[in-house]
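Everything below belongs to run-v9.txt, which stores compact mmCIF, C-alpha atoms (C1' of nucleotides).
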# COMPACT_ATOMS: atom_id res chain seq x y z
CA MET A 1 22.61 -65.69 154.56
CA SER A 2 25.88 -67.33 155.64
CA ALA A 3 27.85 -64.37 154.35
CA ALA A 4 25.64 -62.01 156.31
CA ILE A 5 25.88 -63.91 159.58
CA GLU A 6 29.64 -64.21 159.26
CA LEU A 7 30.02 -60.49 158.73
CA PHE A 8 27.56 -59.55 161.47
CA HIS A 9 29.47 -61.82 163.82
CA GLU A 10 32.87 -60.48 162.81
CA GLN A 11 32.19 -56.77 162.75
CA GLY A 12 28.69 -56.18 164.06
CA TYR A 13 25.34 -55.70 162.36
CA GLU A 14 25.38 -51.94 162.01
CA ALA A 15 28.95 -51.82 160.80
CA THR A 16 28.17 -54.24 157.98
CA THR A 17 26.77 -52.83 154.76
CA VAL A 18 24.56 -54.73 152.36
CA ALA A 19 27.14 -54.14 149.65
CA GLU A 20 29.71 -56.01 151.78
CA ILE A 21 27.35 -58.95 152.32
CA ALA A 22 26.61 -59.11 148.63
CA GLU A 23 30.27 -58.96 147.74
CA ARG A 24 31.16 -61.82 150.07
CA ALA A 25 28.33 -63.86 148.63
CA GLY A 26 29.44 -63.05 145.08
CA LEU A 27 26.42 -60.91 144.22
CA THR A 28 25.41 -57.30 143.97
CA LYS A 29 23.43 -55.24 146.42
CA ARG A 30 20.52 -55.20 143.99
CA THR A 31 20.35 -58.97 143.90
CA PHE A 32 20.51 -59.16 147.69
CA PHE A 33 17.32 -57.11 147.83
CA ARG A 34 15.66 -59.47 145.38
CA TYR A 35 16.09 -62.28 147.91
CA PHE A 36 15.53 -60.35 151.14
CA ALA A 37 13.01 -57.57 151.59
CA ASP A 38 15.48 -55.65 153.73
CA LYS A 39 18.78 -56.02 155.55
CA ARG A 40 17.15 -57.36 158.73
CA GLU A 41 15.24 -60.05 156.94
CA VAL A 42 18.37 -62.04 156.17
CA LEU A 43 18.36 -63.15 159.81
CA PHE A 44 14.73 -64.22 159.83
CA SER A 45 14.26 -66.57 156.93
CA GLY A 46 14.03 -69.40 159.48
CA SER A 47 10.81 -68.06 160.92
CA ASP A 48 8.74 -69.76 158.23
CA GLU A 49 10.12 -73.09 159.32
CA LEU A 50 9.37 -72.32 162.95
CA GLN A 51 5.80 -71.49 162.07
CA ARG A 52 5.41 -74.58 159.93
CA LEU A 53 6.65 -76.86 162.72
CA TRP A 54 4.53 -75.22 165.36
CA LEU A 55 1.38 -75.56 163.28
CA GLU A 56 2.25 -79.19 162.66
CA GLY A 57 2.34 -79.76 166.41
CA VAL A 58 -0.93 -77.92 166.85
CA ALA A 59 -2.58 -80.05 164.19
CA ALA A 60 -1.40 -83.18 165.99
CA ALA A 61 -2.96 -82.18 169.31
CA PRO A 62 -5.88 -84.29 170.55
CA ALA A 63 -9.30 -82.89 169.74
CA ASP A 64 -10.33 -82.55 173.39
CA ALA A 65 -7.24 -80.64 174.52
CA THR A 66 -7.65 -77.22 176.14
CA PRO A 67 -6.63 -74.22 173.99
CA LEU A 68 -3.37 -73.73 175.85
CA ALA A 69 -2.58 -77.44 175.60
CA VAL A 70 -3.14 -77.27 171.86
CA VAL A 71 -0.74 -74.37 171.59
CA ALA A 72 1.76 -76.14 173.81
CA ALA A 73 1.62 -79.17 171.54
CA GLY A 74 3.41 -77.04 168.98
CA LEU A 75 6.42 -76.85 171.26
CA ASP A 76 7.37 -80.49 170.67
CA PRO A 77 8.49 -80.31 167.04
CA VAL A 78 9.94 -76.87 167.70
CA ALA A 79 12.14 -78.08 170.55
CA GLU A 80 13.27 -80.99 168.43
CA MET A 81 14.40 -78.77 165.61
CA PHE A 82 16.27 -76.31 167.81
CA ALA A 83 18.12 -79.04 169.71
CA GLU A 84 20.41 -79.54 166.69
CA ARG A 85 21.10 -75.85 166.24
CA HIS A 86 22.20 -74.62 169.61
CA ASP A 87 25.49 -73.13 168.40
CA PHE A 88 23.86 -71.35 165.52
CA ALA A 89 21.04 -70.09 167.73
CA ARG A 90 23.51 -68.63 170.20
CA ILE A 91 25.45 -66.74 167.58
CA ARG A 92 22.29 -65.46 165.99
CA ALA A 93 20.80 -64.50 169.35
CA GLY A 94 23.94 -62.58 170.20
CA ILE A 95 23.58 -60.53 167.05
CA VAL A 96 19.87 -59.90 167.54
CA ASN A 97 20.21 -59.01 171.21
CA ALA A 98 22.81 -56.39 170.39
CA ASN A 99 20.54 -54.53 167.94
CA PRO A 100 17.17 -52.99 168.76
CA GLU A 101 16.03 -52.96 165.15
CA LEU A 102 16.60 -56.71 164.97
CA GLN A 103 14.69 -57.20 168.20
CA GLU A 104 11.81 -55.29 166.66
CA ARG A 105 11.81 -57.64 163.71
CA GLU A 106 11.95 -60.63 166.03
CA LEU A 107 8.96 -59.36 167.97
CA ILE A 108 6.84 -58.85 164.89
CA LYS A 109 7.74 -62.33 163.66
CA LEU A 110 6.56 -63.72 166.98
CA GLN A 111 3.42 -61.62 166.71
CA ASN A 112 2.71 -63.04 163.26
CA LEU A 113 3.36 -66.50 164.60
CA ALA A 114 0.83 -65.91 167.36
CA GLY A 115 -1.61 -64.70 164.72
CA THR A 116 -1.39 -67.88 162.69
CA ILE A 117 -1.63 -70.05 165.79
CA LYS A 118 -4.71 -68.11 166.80
CA ALA A 119 -6.20 -68.80 163.37
CA ALA A 120 -5.50 -72.50 163.80
CA LEU A 121 -7.26 -72.45 167.16
CA VAL A 122 -10.27 -70.65 165.73
CA GLU A 123 -10.31 -73.30 163.01
CA ARG A 124 -10.60 -75.89 165.78
CA GLY A 125 -13.59 -74.08 167.24
CA VAL A 126 -11.95 -71.98 169.95
CA CYS A 127 -13.52 -68.54 170.31
CA ALA A 128 -11.47 -65.66 168.94
CA ASN A 129 -10.75 -63.96 172.27
CA ALA A 130 -9.56 -67.11 173.96
CA ALA A 131 -7.60 -68.10 170.88
CA ILE A 132 -5.55 -64.94 170.71
CA LEU A 133 -4.72 -65.01 174.40
CA ALA A 134 -3.76 -68.67 174.34
CA ALA A 135 -1.62 -68.16 171.24
CA GLN A 136 0.10 -65.12 172.71
CA ALA A 137 0.70 -66.95 175.96
CA GLY A 138 2.28 -69.85 174.13
CA VAL A 139 4.52 -67.61 172.07
CA THR A 140 5.60 -65.74 175.18
CA VAL A 141 6.50 -69.00 176.85
CA PHE A 142 8.54 -69.92 173.81
CA HIS A 143 10.26 -66.54 173.75
CA VAL A 144 11.17 -66.58 177.43
CA ALA A 145 12.39 -70.17 177.29
CA PHE A 146 14.40 -69.46 174.17
CA ALA A 147 16.20 -66.60 175.91
CA ARG A 148 17.11 -68.91 178.78
CA TRP A 149 18.15 -71.71 176.47
CA VAL A 150 20.73 -69.64 174.60
CA GLU A 151 22.13 -68.40 177.90
CA GLN A 152 23.13 -71.87 179.05
CA ASP A 153 25.16 -74.73 177.60
CA ASP A 154 22.88 -77.74 177.30
CA PRO A 155 21.47 -77.98 173.75
CA THR A 156 18.80 -80.45 174.86
CA ALA A 157 17.42 -78.30 177.66
CA PHE A 158 14.97 -76.38 175.50
CA ARG A 159 12.00 -78.67 175.97
CA ARG A 160 12.48 -78.66 179.75
CA LEU A 161 12.85 -74.88 179.87
CA MET A 162 9.65 -74.44 177.91
CA ASP A 163 7.77 -76.75 180.24
CA GLU A 164 9.08 -74.87 183.23
CA SER A 165 7.97 -71.56 181.77
CA LEU A 166 4.59 -73.02 180.95
CA ASP A 167 4.12 -74.22 184.51
CA GLU A 168 5.30 -70.90 185.82
CA LEU A 169 2.76 -69.12 183.64
CA ARG A 170 -0.01 -71.39 184.86
CA SER A 171 0.85 -70.76 188.47
CA VAL A 172 1.21 -67.02 187.96
CA THR A 173 -2.20 -66.67 186.34
CA ALA A 174 -3.89 -69.10 188.68
CA ALA A 175 -4.96 -66.93 191.61
CA MET B 1 4.11 -34.32 166.64
CA SER B 2 0.81 -32.75 165.58
CA ALA B 3 2.22 -31.92 162.16
CA ALA B 4 3.37 -35.50 161.73
CA ILE B 5 0.06 -37.07 162.72
CA GLU B 6 -1.86 -34.70 160.47
CA LEU B 7 0.29 -35.59 157.50
CA PHE B 8 0.28 -39.32 158.22
CA HIS B 9 -3.49 -39.16 158.47
CA GLU B 10 -3.87 -37.13 155.27
CA GLN B 11 -1.49 -38.93 152.98
CA GLY B 12 -0.17 -41.99 154.79
CA TYR B 13 2.94 -42.70 156.79
CA GLU B 14 5.18 -43.92 154.00
CA ALA B 15 4.18 -41.17 151.62
CA THR B 16 5.13 -38.51 154.15
CA THR B 17 8.75 -37.39 154.29
CA VAL B 18 10.46 -36.02 157.35
CA ALA B 19 11.20 -32.86 155.40
CA GLU B 20 7.46 -32.34 154.93
CA ILE B 21 6.75 -32.83 158.62
CA ALA B 22 9.49 -30.40 159.53
CA GLU B 23 8.23 -27.85 157.05
CA ARG B 24 4.68 -27.96 158.40
CA ALA B 25 6.03 -27.58 161.92
CA GLY B 26 8.22 -24.66 160.87
CA LEU B 27 11.51 -26.45 161.38
CA THR B 28 14.14 -28.24 159.36
CA LYS B 29 14.69 -31.94 158.96
CA ARG B 30 17.86 -31.64 161.02
CA THR B 31 15.96 -30.20 163.96
CA PHE B 32 13.28 -32.90 163.72
CA PHE B 33 15.97 -35.51 164.30
CA ARG B 34 17.18 -33.63 167.37
CA TYR B 35 13.76 -34.17 168.96
CA PHE B 36 12.98 -37.66 167.64
CA ALA B 37 15.48 -40.45 167.22
CA ASP B 38 13.79 -41.48 163.99
CA LYS B 39 10.67 -40.95 161.92
CA ARG B 40 8.72 -43.67 163.74
CA GLU B 41 9.44 -42.28 167.17
CA VAL B 42 7.24 -39.24 166.63
CA LEU B 43 4.24 -41.53 167.17
CA PHE B 44 5.57 -43.05 170.39
CA SER B 45 6.45 -40.20 172.68
CA GLY B 46 3.39 -41.13 174.74
CA SER B 47 4.86 -44.45 175.76
CA ASP B 48 6.80 -42.86 178.61
CA GLU B 49 3.56 -41.63 180.08
CA LEU B 50 1.97 -45.06 179.72
CA GLN B 51 4.88 -46.65 181.54
CA ARG B 52 4.83 -44.03 184.28
CA LEU B 53 1.11 -44.53 184.92
CA TRP B 54 1.34 -48.29 184.89
CA LEU B 55 4.21 -48.30 187.41
CA GLU B 56 2.20 -45.93 189.59
CA GLY B 57 -0.63 -48.44 189.66
CA VAL B 58 1.79 -51.26 190.40
CA ALA B 59 3.27 -49.32 193.30
CA ALA B 60 -0.22 -48.77 194.71
CA ALA B 61 -1.06 -52.49 194.73
CA PRO B 62 -1.49 -54.14 198.14
CA ALA B 63 1.60 -55.93 199.44
CA ASP B 64 -0.08 -59.35 199.56
CA ALA B 65 -1.44 -59.27 196.00
CA THR B 66 -0.45 -62.04 193.60
CA PRO B 67 2.04 -61.12 190.86
CA LEU B 68 -0.63 -60.93 188.19
CA ALA B 69 -2.88 -58.87 190.45
CA VAL B 70 -0.02 -56.44 191.00
CA VAL B 71 0.45 -56.10 187.27
CA ALA B 72 -3.27 -55.71 186.74
CA ALA B 73 -3.33 -52.89 189.28
CA GLY B 74 -1.42 -50.87 186.71
CA LEU B 75 -4.40 -51.04 184.39
CA ASP B 76 -6.47 -48.66 186.52
CA PRO B 77 -4.56 -45.42 185.92
CA VAL B 78 -3.90 -46.49 182.35
CA ALA B 79 -7.59 -46.95 181.56
CA GLU B 80 -8.35 -43.61 183.15
CA MET B 81 -5.87 -41.79 180.94
CA PHE B 82 -7.00 -43.40 177.73
CA ALA B 83 -10.68 -42.74 178.38
CA GLU B 84 -10.15 -39.08 177.46
CA ARG B 85 -8.25 -39.85 174.29
CA HIS B 86 -10.39 -42.25 172.37
CA ASP B 87 -10.50 -40.19 169.17
CA PHE B 88 -6.79 -39.61 169.16
CA ALA B 89 -6.09 -43.26 169.92
CA ARG B 90 -8.25 -44.37 166.99
CA ILE B 91 -6.51 -42.13 164.51
CA ARG B 92 -3.11 -43.14 165.77
CA ALA B 93 -4.03 -46.83 165.80
CA GLY B 94 -5.21 -46.54 162.22
CA ILE B 95 -1.83 -45.20 161.18
CA VAL B 96 0.12 -47.79 163.14
CA ASN B 97 -2.00 -50.71 161.97
CA ALA B 98 -1.40 -49.76 158.36
CA ASN B 99 2.39 -49.87 158.68
CA PRO B 100 4.44 -52.90 159.71
CA GLU B 101 7.44 -50.82 160.73
CA LEU B 102 5.23 -48.89 163.13
CA GLN B 103 3.85 -52.11 164.53
CA GLU B 104 7.40 -53.26 165.14
CA ARG B 105 8.08 -50.14 167.11
CA GLU B 106 4.89 -50.59 169.06
CA LEU B 107 5.84 -54.15 169.95
CA ILE B 108 9.26 -53.18 171.23
CA LYS B 109 7.73 -50.42 173.31
CA LEU B 110 5.41 -52.97 174.86
CA GLN B 111 8.36 -55.29 175.40
CA ASN B 112 10.25 -52.52 177.19
CA LEU B 113 7.16 -51.81 179.23
CA ALA B 114 6.99 -55.45 180.25
CA GLY B 115 10.65 -55.27 181.19
CA THR B 116 10.18 -52.38 183.59
CA ILE B 117 7.09 -53.96 185.10
CA LYS B 118 9.08 -57.13 185.59
CA ALA B 119 11.75 -55.10 187.39
CA ALA B 120 9.11 -53.58 189.64
CA LEU B 121 7.85 -57.06 190.50
CA VAL B 122 11.33 -58.30 191.26
CA GLU B 123 11.75 -55.26 193.48
CA ARG B 124 8.67 -56.45 195.38
CA GLY B 125 10.23 -59.85 195.89
CA VAL B 126 8.71 -61.83 193.03
CA CYS B 127 11.13 -64.31 191.47
CA ALA B 128 12.51 -63.33 188.08
CA ASN B 129 10.85 -66.10 186.08
CA ALA B 130 7.41 -65.48 187.50
CA ALA B 131 7.89 -61.73 187.19
CA ILE B 132 8.63 -61.76 183.49
CA LEU B 133 5.72 -64.05 182.70
CA ALA B 134 3.29 -62.03 184.79
CA ALA B 135 4.48 -58.77 183.25
CA GLN B 136 4.24 -60.16 179.73
CA ALA B 137 0.80 -61.53 180.42
CA GLY B 138 -0.38 -58.17 181.69
CA VAL B 139 1.02 -56.32 178.70
CA THR B 140 -0.60 -58.81 176.33
CA VAL B 141 -3.93 -58.27 178.05
CA PHE B 142 -3.48 -54.54 177.61
CA HIS B 143 -2.52 -54.92 173.97
CA VAL B 144 -5.45 -57.16 173.09
CA ALA B 145 -7.93 -54.98 174.98
CA PHE B 146 -6.54 -51.87 173.35
CA ALA B 147 -7.09 -53.33 169.90
CA ARG B 148 -10.71 -54.08 170.78
CA TRP B 149 -11.21 -50.67 172.36
CA VAL B 150 -10.23 -48.73 169.26
CA GLU B 151 -12.47 -50.94 167.14
CA GLN B 152 -15.62 -49.88 168.95
CA ASP B 153 -17.25 -46.59 169.86
CA ASP B 154 -17.50 -46.38 173.62
CA PRO B 155 -14.55 -44.40 175.02
CA THR B 156 -15.20 -45.66 178.54
CA ALA B 157 -15.18 -49.35 177.64
CA PHE B 158 -11.44 -49.80 178.01
CA ARG B 159 -11.42 -50.84 181.64
CA ARG B 160 -14.15 -53.39 181.04
CA LEU B 161 -12.41 -54.80 177.95
CA MET B 162 -9.20 -55.22 179.91
CA ASP B 163 -10.99 -57.05 182.70
CA GLU B 164 -12.65 -59.32 180.19
CA SER B 165 -9.32 -60.15 178.58
CA LEU B 166 -7.79 -60.75 181.97
CA ASP B 167 -10.53 -63.19 182.90
CA GLU B 168 -10.23 -64.85 179.53
CA LEU B 169 -6.51 -65.29 180.06
CA ARG B 170 -7.08 -66.79 183.49
CA SER B 171 -9.60 -69.26 182.17
CA VAL B 172 -7.44 -70.18 179.18
CA THR B 173 -4.39 -70.93 181.30
CA ALA B 174 -6.36 -72.63 184.03
CA ALA B 175 -6.61 -76.23 182.91
C1' DC C 1 18.14 -70.62 114.64
C1' DA C 2 14.98 -67.45 116.55
C1' DC C 3 12.38 -66.73 120.53
C1' DT C 4 11.08 -66.46 125.31
C1' DC C 5 12.02 -66.40 130.07
C1' DC C 6 14.32 -65.45 134.11
C1' DA C 7 18.16 -64.25 137.04
C1' DT C 8 21.45 -60.91 137.49
C1' DG C 9 24.00 -56.55 136.76
C1' DT C 10 24.11 -51.51 136.22
C1' DC C 11 22.74 -47.07 137.10
C1' DA C 12 20.27 -43.29 138.82
C1' DC C 13 17.54 -41.85 142.28
C1' DC C 14 14.92 -41.03 146.84
C1' DC C 15 14.86 -40.64 151.62
C1' DG C 16 16.10 -41.58 156.46
C1' DG C 17 19.67 -40.46 159.39
C1' DT C 18 24.30 -38.18 161.06
C1' DG C 19 28.56 -35.32 161.67
C1' DC C 20 30.27 -30.84 161.40
C1' DC C 21 30.32 -26.19 161.45
C1' DA C 22 27.93 -21.57 161.22
C1' DT C 23 24.55 -18.56 163.18
C1' DC C 24 22.04 -16.14 166.45
C1' DA C 25 19.52 -15.14 170.51
C1' DA C 26 19.50 -15.24 175.63
C1' DC C 27 22.00 -14.89 179.43
C1' DT C 28 26.06 -13.76 182.45
C1' DA C 29 30.42 -11.64 184.24
C1' DG C 30 33.14 -7.68 184.55
C1' DC D 1 27.80 -1.48 177.84
C1' DT D 2 30.74 -5.11 176.18
C1' DA D 3 32.73 -9.56 175.73
C1' DG D 4 32.15 -14.18 176.27
C1' DT D 5 29.32 -18.41 177.01
C1' DT D 6 25.68 -21.47 176.25
C1' DG D 7 22.14 -23.75 173.75
C1' DA D 8 18.89 -24.20 170.04
C1' DT D 9 18.63 -24.09 165.21
C1' DG D 10 19.98 -24.00 160.21
C1' DG D 11 22.79 -25.55 156.40
C1' DC D 12 25.29 -28.81 154.12
C1' DA D 13 27.69 -32.74 152.71
C1' DC D 14 27.67 -37.39 153.19
C1' DC D 15 26.46 -42.43 154.06
C1' DG D 16 23.68 -46.41 153.51
C1' DG D 17 19.23 -48.78 152.85
C1' DG D 18 16.00 -49.50 149.41
C1' DT D 19 13.67 -49.13 144.54
C1' DG D 20 12.49 -48.48 139.57
C1' DA D 21 13.96 -49.02 134.87
C1' DC D 22 16.61 -50.95 131.58
C1' DA D 23 20.44 -53.92 129.67
C1' DT D 24 22.63 -58.38 129.42
C1' DG D 25 23.24 -63.06 129.01
C1' DG D 26 22.46 -67.87 129.62
C1' DA D 27 19.03 -71.89 129.72
C1' DG D 28 15.40 -73.90 127.71
C1' DT D 29 11.90 -74.48 123.63
C1' DG D 30 9.61 -74.51 119.09

Same coordinates, now as structure tokens:
Amino acid sequence: MSAAIELFHEQGYEATTVAEIAERAGLTKRTFFRYFADKREVLFSGSDELQRLWLEGVAAAPADATPLAVVAAGLDPVAEMFAERHDFARIRAGIVNANPELQERELIKLQNLAGTIKAALVERGVCANAAILAAQAGVTVFHVAFARWVEQDDPTAFRRLMDESLDELRSVTAA
Amino acid sequence: MSAAIELFHEQGYEATTVAEIAERAGLTKRTFFRYFADKREVLFSGSDELQRLWLEGVAAAPADATPLAVVAAGLDPVAEMFAERHDFARIRAGIVNANPELQERELIKLQNLAGTIKAALVERGVCANAAILAAQAGVTVFHVAFARWVEQDDPTAFRRLMDESLDELRSVTAA
DNA sequence: CACTCCATGTCACCCGGTGCCATCAACTAG
DNA sequence: CTAGTTGATGGCACCGGGTGACATGGAGTG
């Protein structure tokens, strides 16, 4: 993973071959594909962790919270984790933003995340329709805030940016 | 495009090679790639039309409408178009839902759609933050309603399903 | 010591995707 | 009518991502 990110950063994602990554990591191409399903996936191994943290936050939400508040409760542990990885997140975001196929992968990871959050909501008794919309809304808020966070310099601003986006969403859908 | 959808439907997306599609269409693989940027793209040529219709609806929205209402105005022409293509949409959705790489493409098309809707909102004077959240919300409503629409039998139900999702979103984000 | 297990290497192969040049028909200028 | 131009297509070689099958070798285990 480190080898891959170094190379992507140095010479671009497209210009880097899997054989090069494997070589720098002291492996063969074949072994690379035993660890990562495809070349893109090497940049997304962190998504499991994101999902785990988010669900933790959801589980910790008070029983009487509204669906969106439950989803938003997942943002706490997530913001905490990212605060220590601002530099890494910026480099990674630069790579992803420069490559449509990586953006596609990012979007489907977010979609899967929304799917598991929806399942957690349904588990709590929220109806399926409301659950999927609340989960999607929460993930969108995260996505938008994340994009803003990597564009600016304060590593601790993530939580604030997410709250701002959340408020903005509430006011936009209010009328 | 017809050749591709036939083959995907008959034998699956993965199991179909571009050479086969080209052969059935009376072309060569090389020519296929002059018309479509990649194999996935053959299923997404309709997304331009979707975007065009949606922006038409947005342009027709009253000047004093709220951001989300402006976005929702795009759903009218969209629903109208899809009403005549229920059978096609079901077949296509079946293919896409069976293949993660096609879902990725679908998601990025929706993301691009949200981006152009956002731009249209900004053009109307909506602030960038509100615009992106409203656009994303509208696209999510479309996506969720679309999934429900292809799961049931009434071709004319799309408009109603979108309105239901929209209301659901409003009530979920209300508290 | 023999055996099993598991990670890795090696190799051949398929297919998506591209660059380059050849071909050929339609059209245009003289 | 001819020569030249343009644009769509075919043909071909090539690259790189991704996979199946088998060989190898080292760590544990009886």

Straight-line distance linking CA of Ile91 (chain A) with CA of Glu14 (chain A), stated in Å to one decimal = 15.8 Å

Give me, as a Markdown table, the closest atom pair and its distance (Å, one decimal) for every residue of region 29-98 of chain B within a cut-off of 10 Å of region 1-16 of chain D, counting all atoms listed in the file, rows sorted by chain and rising number.
| residue | atom | partner | partner_atom | distance |
| --- | --- | --- | --- | --- |
| B:Lys29 | CA | D:DG10 | C1' | 9.6 |
| B:Arg30 | CA | D:DG10 | C1' | 8.0 |
| B:Thr31 | CA | D:DT9 | C1' | 6.8 |
| B:Arg34 | CA | D:DT9 | C1' | 9.9 |

Using only C-alpha atoms (C1' of nucleotides), determine which residues lie at most 12 Å from DA21 (chain D), disregarding the query and same-chain residues fewer than 6 positions distant; provide the list as a ChimeraX atom specification.
-> /C:10-13

Filtering to C-alpha atoms (C1' of nucleotides), could you give me those residues as a PDB file, in the coordinates of the input?
ATOM      1  C1'  DT C  10      24.110 -51.510 136.220  1.00  0.00           C
ATOM      2  C1'  DC C  11      22.740 -47.070 137.100  1.00  0.00           C
ATOM      3  C1'  DA C  12      20.270 -43.290 138.820  1.00  0.00           C
ATOM      4  C1'  DC C  13      17.540 -41.850 142.280  1.00  0.00           C
TER       5       DC C  13
END

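Interatomic distance, CA of Ala37 (chain A) to CA of Ala22 (chain A): 14.0 Å.
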
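The closest residue to Tyr35 (chain A), picked from A:Met1, A:Ala93, A:Asp76, A:Thr156 and counting only C-alpha atoms, is A:Met1.
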
Non-local contacts of region 1-4 of chain C (10 Å; all atoms listed in the file; under 2 positions in same chain excluded) as a list in words =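 So, after excluding close chain neighbours, the residues are DC6 of chain C; DG28, DT29 and DG30 of chain D.
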
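For the atom pair formed by CA of Ala69 (chain B) and CA of His86 (chain B), the distance is 25.7 Å, given to one decimal.
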
Write down, as a list in words, each residue of chain B that has any atom within 9 Å of an atom of chain C, counting all atoms listed in the file.
->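 In the required form, that comes to Thr17, Val18, Phe33, Ala37, Asp38 and Lys39 of chain B.
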
Keeping only C-alpha atoms, write the selected residues to a file as a PDB file, in the frame of the given file.
ATOM      1  CA  THR B  17       8.750 -37.390 154.290  1.00  0.00           C
ATOM      2  CA  VAL B  18      10.460 -36.020 157.350  1.00  0.00           C
ATOM      3  CA  PHE B  33      15.970 -35.510 164.300  1.00  0.00           C
ATOM      4  CA  ALA B  37      15.480 -40.450 167.220  1.00  0.00           C
ATOM      5  CA  ASP B  38      13.790 -41.480 163.990  1.00  0.00           C
ATOM      6  CA  LYS B  39      10.670 -40.950 161.920  1.00  0.00           C
TER       7      LYS B  39
END

Neighbours of chain B in chain A at 6 Å, counting only C-alpha atoms, as a PyMOL selection string = chain A and resi 104+108+133+169-170+173

What lies within 12 Å of Arg159 (chain A) using only C-alpha atoms (C1' of nucleotides), ignoring chain neighbours under 4 positions off, as a count of residues only?
-> 24

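Taking all atoms listed in the file into account, Val71 (chain A) lies nearest to A:Ile117 out of the set A:Ala4, A:Ile117, A:Ala25, A:Ala19.
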